[in-house]
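Here's run.pdb, which has PDB, C-alpha atoms, pLDDT in the B column:
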```pdb
ATOM      1  CA  MET V   3     -19.644  -0.919   8.030  1.00 61.00           C
ATOM      2  CA  THR V   4     -18.918   2.441   6.462  1.00 65.00           C
ATOM      3  CA  MET V   5     -18.512   2.937   2.736  1.00 59.00           C
ATOM      4  CA  ALA V   6     -14.828   3.800   3.259  1.00 59.00           C
ATOM      5  CA  THR V   7     -14.306   0.533   5.168  1.00 66.00           C
ATOM      6  CA  GLN V   8     -16.039  -1.453   2.426  1.00 71.00           C
ATOM      7  CA  LEU V   9     -13.865   0.180  -0.220  1.00 72.00           C
ATOM      8  CA  ALA V  10     -10.724  -0.443   1.821  1.00 73.00           C
ATOM      9  CA  LEU V  11     -11.550  -4.139   2.190  1.00 75.00           C
ATOM     10  CA  ARG V  12     -12.174  -4.425  -1.551  1.00 81.00           C
ATOM     11  CA  LEU V  13      -8.848  -2.758  -2.364  1.00 87.00           C
ATOM     12  CA  VAL V  14      -6.810  -4.695   0.201  1.00 93.00           C
ATOM     13  CA  THR V  15      -8.444  -7.949   1.243  1.00 91.00           C
ATOM     14  CA  ASP V  16      -7.415  -9.674   4.452  1.00 91.00           C
ATOM     15  CA  ASP V  17      -5.546 -12.300   2.399  1.00 91.00           C
ATOM     16  CA  ILE V  18      -3.624  -9.643   0.485  1.00 93.00           C
ATOM     17  CA  TRP V  19      -2.827  -7.810   3.699  1.00 94.00           C
ATOM     18  CA  SER V  20      -1.593 -11.001   5.398  1.00 93.00           C
ATOM     19  CA  TYR V  21       0.829 -11.400   2.486  1.00 94.00           C
ATOM     20  CA  VAL V  22       1.959  -7.755   2.246  1.00 95.00           C
ATOM     21  CA  GLU V  23       2.258  -6.857   5.936  1.00 95.00           C
ATOM     22  CA  PRO V  24       5.391  -8.938   6.657  1.00 95.00           C
ATOM     23  CA  LEU V  25       7.054  -7.501   3.539  1.00 95.00           C
ATOM     24  CA  LEU V  26       6.854  -3.922   4.801  1.00 95.00           C
ATOM     25  CA  PRO V  27      10.086  -2.469   6.166  1.00 92.00           C
ATOM     26  CA  SER V  28      10.270  -1.653   9.852  1.00 88.00           C
ATOM     27  CA  ALA V  29       9.452   1.898  10.865  1.00 82.00           C
ATOM     28  CA  ARG V  30      12.422   4.167  11.319  1.00 75.00           C
ATOM     29  CA  THR V  31      12.953   5.289  14.880  1.00 71.00           C
ATOM     30  CA  ARG V  32      13.334   8.960  15.569  1.00 67.00           C
ATOM     31  CA  PRO V  33      16.631   9.574  17.380  1.00 70.00           C
ATOM     32  CA  GLN V  34      15.152  12.555  19.190  1.00 71.00           C
ATOM     33  CA  GLY V  35      12.012  10.610  20.165  1.00 67.00           C
ATOM     34  CA  GLY V  36       8.588  12.174  20.385  1.00 65.00           C
ATOM     35  CA  GLY V  37       6.552  13.248  17.412  1.00 69.00           C
ATOM     36  CA  ARG V  38       3.173  12.074  16.258  1.00 77.00           C
ATOM     37  CA  ALA V  39       2.076   8.481  16.436  1.00 78.00           C
ATOM     38  CA  ARG V  40       2.733   6.631  13.190  1.00 82.00           C
ATOM     39  CA  VAL V  41      -0.346   5.985  11.047  1.00 89.00           C
ATOM     40  CA  GLU V  42      -1.109   2.268  10.770  1.00 92.00           C
ATOM     41  CA  ASN V  43       0.543   0.566   7.821  1.00 95.00           C
ATOM     42  CA  ARG V  44      -2.677  -1.040   6.572  1.00 94.00           C
ATOM     43  CA  ALA V  45      -4.454   2.314   6.381  1.00 93.00           C
ATOM     44  CA  VAL V  46      -1.525   3.859   4.507  1.00 95.00           C
ATOM     45  CA  PHE V  47      -1.094   0.859   2.221  1.00 96.00           C
ATOM     46  CA  THR V  48      -4.784   0.999   1.342  1.00 95.00           C
ATOM     47  CA  ALA V  49      -4.528   4.716   0.573  1.00 96.00           C
ATOM     48  CA  VAL V  50      -1.464   4.083  -1.601  1.00 97.00           C
ATOM     49  CA  VAL V  51      -3.327   1.292  -3.410  1.00 96.00           C
ATOM     50  CA  PHE V  52      -6.206   3.690  -4.060  1.00 95.00           C
ATOM     51  CA  VAL V  53      -3.860   6.249  -5.614  1.00 95.00           C
ATOM     52  CA  LEU V  54      -2.145   3.585  -7.712  1.00 95.00           C
ATOM     53  CA  ALA V  55      -5.407   2.001  -8.834  1.00 93.00           C
ATOM     54  CA  THR V  56      -7.238   5.207  -9.708  1.00 92.00           C
ATOM     55  CA  GLY V  57      -4.343   7.257 -11.022  1.00 93.00           C
ATOM     56  CA  CYS V  58      -5.376  10.228  -8.903  1.00 92.00           C
ATOM     57  CA  THR V  59      -2.762  12.592  -7.555  1.00 94.00           C
ATOM     58  CA  TRP V  60      -1.605  12.258  -3.983  1.00 95.00           C
ATOM     59  CA  HIS V  61      -3.352  15.489  -3.052  1.00 95.00           C
ATOM     60  CA  ARG V  62      -6.680  14.156  -4.358  1.00 94.00           C
ATOM     61  CA  LEU V  63      -6.638  11.267  -1.874  1.00 93.00           C
ATOM     62  CA  PRO V  64     -10.161  11.260  -0.369  1.00 91.00           C
ATOM     63  CA  PRO V  65     -10.380  12.173   3.330  1.00 90.00           C
ATOM     64  CA  ALA V  66     -12.358   8.957   3.932  1.00 88.00           C
ATOM     65  CA  PHE V  67      -9.032   7.103   4.034  1.00 89.00           C
ATOM     66  CA  ALA V  68      -8.004   9.114   7.123  1.00 90.00           C
ATOM     67  CA  VAL V  69      -4.438   9.303   5.786  1.00 94.00           C
ATOM     68  CA  SER V  70      -2.908  12.579   4.690  1.00 95.00           C
ATOM     69  CA  ALA V  71      -1.584  12.873   1.171  1.00 96.00           C
ATOM     70  CA  SER V  72       1.881  13.664   2.499  1.00 96.00           C
ATOM     71  CA  THR V  73       1.896  10.585   4.751  1.00 95.00           C
ATOM     72  CA  ALA V  74       0.740   8.327   1.914  1.00 96.00           C
ATOM     73  CA  HIS V  75       3.318   9.747  -0.470  1.00 97.00           C
ATOM     74  CA  ARG V  76       6.154   9.658   2.064  1.00 96.00           C
ATOM     75  CA  ARG V  77       5.408   6.021   2.974  1.00 96.00           C
ATOM     76  CA  PHE V  78       5.104   5.136  -0.743  1.00 97.00           C
ATOM     77  CA  LEU V  79       8.601   6.531  -1.269  1.00 96.00           C
ATOM     78  CA  GLU V  80       9.960   4.670   1.781  1.00 95.00           C
ATOM     79  CA  TRP V  81       8.468   1.399   0.583  1.00 96.00           C
ATOM     80  CA  THR V  82       9.667   1.979  -2.966  1.00 96.00           C
ATOM     81  CA  LEU V  83      13.254   2.587  -1.807  1.00 95.00           C
ATOM     82  CA  ALA V  84      13.017  -0.560   0.328  1.00 95.00           C
ATOM     83  CA  GLY V  85      12.070  -2.629  -2.754  1.00 95.00           C
ATOM     84  CA  LEU V  86       8.566  -3.482  -1.581  1.00 96.00           C
ATOM     85  CA  TRP V  87       6.977  -3.547  -5.020  1.00 95.00           C
ATOM     86  CA  ASP V  88       9.357  -6.187  -6.362  1.00 93.00           C
ATOM     87  CA  ARG V  89       8.551  -8.425  -3.383  1.00 93.00           C
ATOM     88  CA  VAL V  90       4.802  -7.756  -3.650  1.00 92.00           C
ATOM     89  CA  GLU V  91       4.792  -8.805  -7.280  1.00 89.00           C
ATOM     90  CA  HIS V  92       6.251 -12.282  -6.681  1.00 88.00           C
ATOM     91  CA  VAL V  93       3.657 -14.108  -4.584  1.00 87.00           C
ATOM     92  CA  PRO V  94       4.836 -17.633  -3.700  1.00 87.00           C
ATOM     93  CA  PRO V  95       2.531 -20.346  -5.071  1.00 84.00           C
ATOM     94  CA  ASP V  96       1.686 -21.617  -1.586  1.00 83.00           C
ATOM     95  CA  ARG V  97       0.076 -18.306  -0.501  1.00 84.00           C
ATOM     96  CA  ARG V  98      -3.691 -18.264   0.014  1.00 85.00           C
ATOM     97  CA  ILE V  99      -4.361 -15.655  -2.663  1.00 88.00           C
ATOM     98  CA  THR V 100      -6.727 -16.023  -5.584  1.00 90.00           C
ATOM     99  CA  PRO V 101      -5.512 -15.703  -9.176  1.00 92.00           C
ATOM    100  CA  THR V 102      -7.397 -12.394  -9.384  1.00 92.00           C
ATOM    101  CA  GLU V 103      -5.581 -11.094  -6.296  1.00 92.00           C
ATOM    102  CA  ARG V 104      -2.234 -12.214  -7.778  1.00 92.00           C
ATOM    103  CA  GLU V 105      -2.963 -10.214 -10.923  1.00 93.00           C
ATOM    104  CA  TRP V 106      -4.075  -7.265  -8.779  1.00 92.00           C
ATOM    105  CA  LEU V 107      -0.754  -7.319  -6.912  1.00 94.00           C
ATOM    106  CA  ARG V 108       1.207  -7.528 -10.174  1.00 94.00           C
ATOM    107  CA  ALA V 109      -0.726  -4.579 -11.590  1.00 94.00           C
ATOM    108  CA  LEU V 110      -0.181  -2.545  -8.425  1.00 94.00           C
ATOM    109  CA  ALA V 111       3.542  -3.305  -8.469  1.00 95.00           C
ATOM    110  CA  ALA V 112       3.808  -2.260 -12.110  1.00 95.00           C
ATOM    111  CA  GLU V 113       1.930   0.989 -11.463  1.00 95.00           C
ATOM    112  CA  ALA V 114       4.027   1.679  -8.346  1.00 96.00           C
ATOM    113  CA  ARG V 115       7.239   1.321 -10.337  1.00 94.00           C
ATOM    114  CA  ALA V 116       5.854   3.553 -13.084  1.00 94.00           C
ATOM    115  CA  ARG V 117       4.711   6.172 -10.581  1.00 91.00           C
ATOM    116  CA  ALA V 118       8.019   6.045  -8.706  1.00 88.00           C
ATOM    117  CA  GLY V 119       9.718   6.981 -11.950  1.00 84.00           C
ATOM    118  CA  ARG V 120       7.497  10.077 -12.158  1.00 66.00           C
ATOM    119  CA  THR V 121       7.788  11.053  -8.499  1.00 53.00           C
TER     120      THR V 121
END
```

What is this structure when it is put down as structure tokens?
Amino acid sequence: MTMATQLALRLVTDDIWSYVEPLLPSARTRPQGGGRARVENRAVFTAVVFVLATGCTWHRLPPAFAVSASTAHRRFLEWTLAGLWDRVEHVPPDRRITPTEREWLRALAAEARARAGRT
């Protein structure tokens, strides 16, 4: 397992991802078709989490995430407009997420809202 993979799994555990994935809005379809294949949501979400957790700028996103800064930022804006961070923050009690992961999600949601105000 690469160092980038290990970091990604620490930032977004499988349990967190199983909670967040269904909350993500559907991808917009391009009316003209074509274009590049969409980068996987988990990879982008992990890159966004890294930016939120470290406070780095979008353009300082390490290449190990294999997500461009513009893709991460664009998807962050899409998810913010769709209200993702409010839904992420309120984990139902029956979800298989540890108290530490619940706090992590609350902190990420708070930072996302703060960053969205600066974007």

Decode the PyMOL selection byres ((chain V and resi 40-57) around 7) for the given file into explicit residues and return them as a ChimeraX atom specification.
/V:10,13-14,38-39,58-60,63,67,69,74,78,110,113-114

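Distances from V:Arg117, V:Ala29, V:Leu9, V:Ser20 to V:Thr82 were compared using all atoms listed in the file, and the smallest one belongs to V:Arg117.
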
Which residues are close to stretch 97-104 of chain V, i.e. within 12 Å by only C-alpha atoms, leaving aside same-chain residues fewer than 2 positions away? Reply as a list of chain:residue names.
V:Arg12, V:Leu13, V:Val14, V:Thr15, V:Asp16, V:Asp17, V:Ile18, V:Trp19, V:Ser20, V:Tyr21, V:Val22, V:Val90, V:Glu91, V:His92, V:Val93, V:Pro94, V:Pro95, V:Trp106, V:Leu107, V:Arg108, V:Ala109, V:Leu110, V:Ala111

I need the output of the PyMOL selection byres ((chain V and resi 26) around 9) for this file as a PyMOL selection string; which residues are they?
chain V and resi 22-25+27-29+43+81+84+86

Kindly save the residues from that selection, with C-alpha atoms included, as an mmCIF file, in the coordinates of the input.
```cif
data_model
loop_
_atom_site.group_PDB
_atom_site.id
_atom_site.type_symbol
_atom_site.label_atom_id
_atom_site.label_comp_id
_atom_site.auth_asym_id
_atom_site.auth_seq_id
_atom_site.Cartn_x
_atom_site.Cartn_y
_atom_site.Cartn_z
ATOM 1 C CA VAL V 22 1.959 -7.755 2.246
ATOM 2 C CA GLU V 23 2.258 -6.857 5.936
ATOM 3 C CA PRO V 24 5.391 -8.938 6.657
ATOM 4 C CA LEU V 25 7.054 -7.501 3.539
ATOM 5 C CA PRO V 27 10.086 -2.469 6.166
ATOM 6 C CA SER V 28 10.270 -1.653 9.852
ATOM 7 C CA ALA V 29 9.452 1.898 10.865
ATOM 8 C CA ASN V 43 0.543 0.566 7.821
ATOM 9 C CA TRP V 81 8.468 1.399 0.583
ATOM 10 C CA ALA V 84 13.017 -0.560 0.328
ATOM 11 C CA LEU V 86 8.566 -3.482 -1.581
#
```

Please, what distance in Å, to one decimal, runs between atom CA of V:Arg115 and atom CA of V:Trp87?
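Separation of atom CA of V:Arg115 and atom CA of V:Trp87: 7.2 Å.
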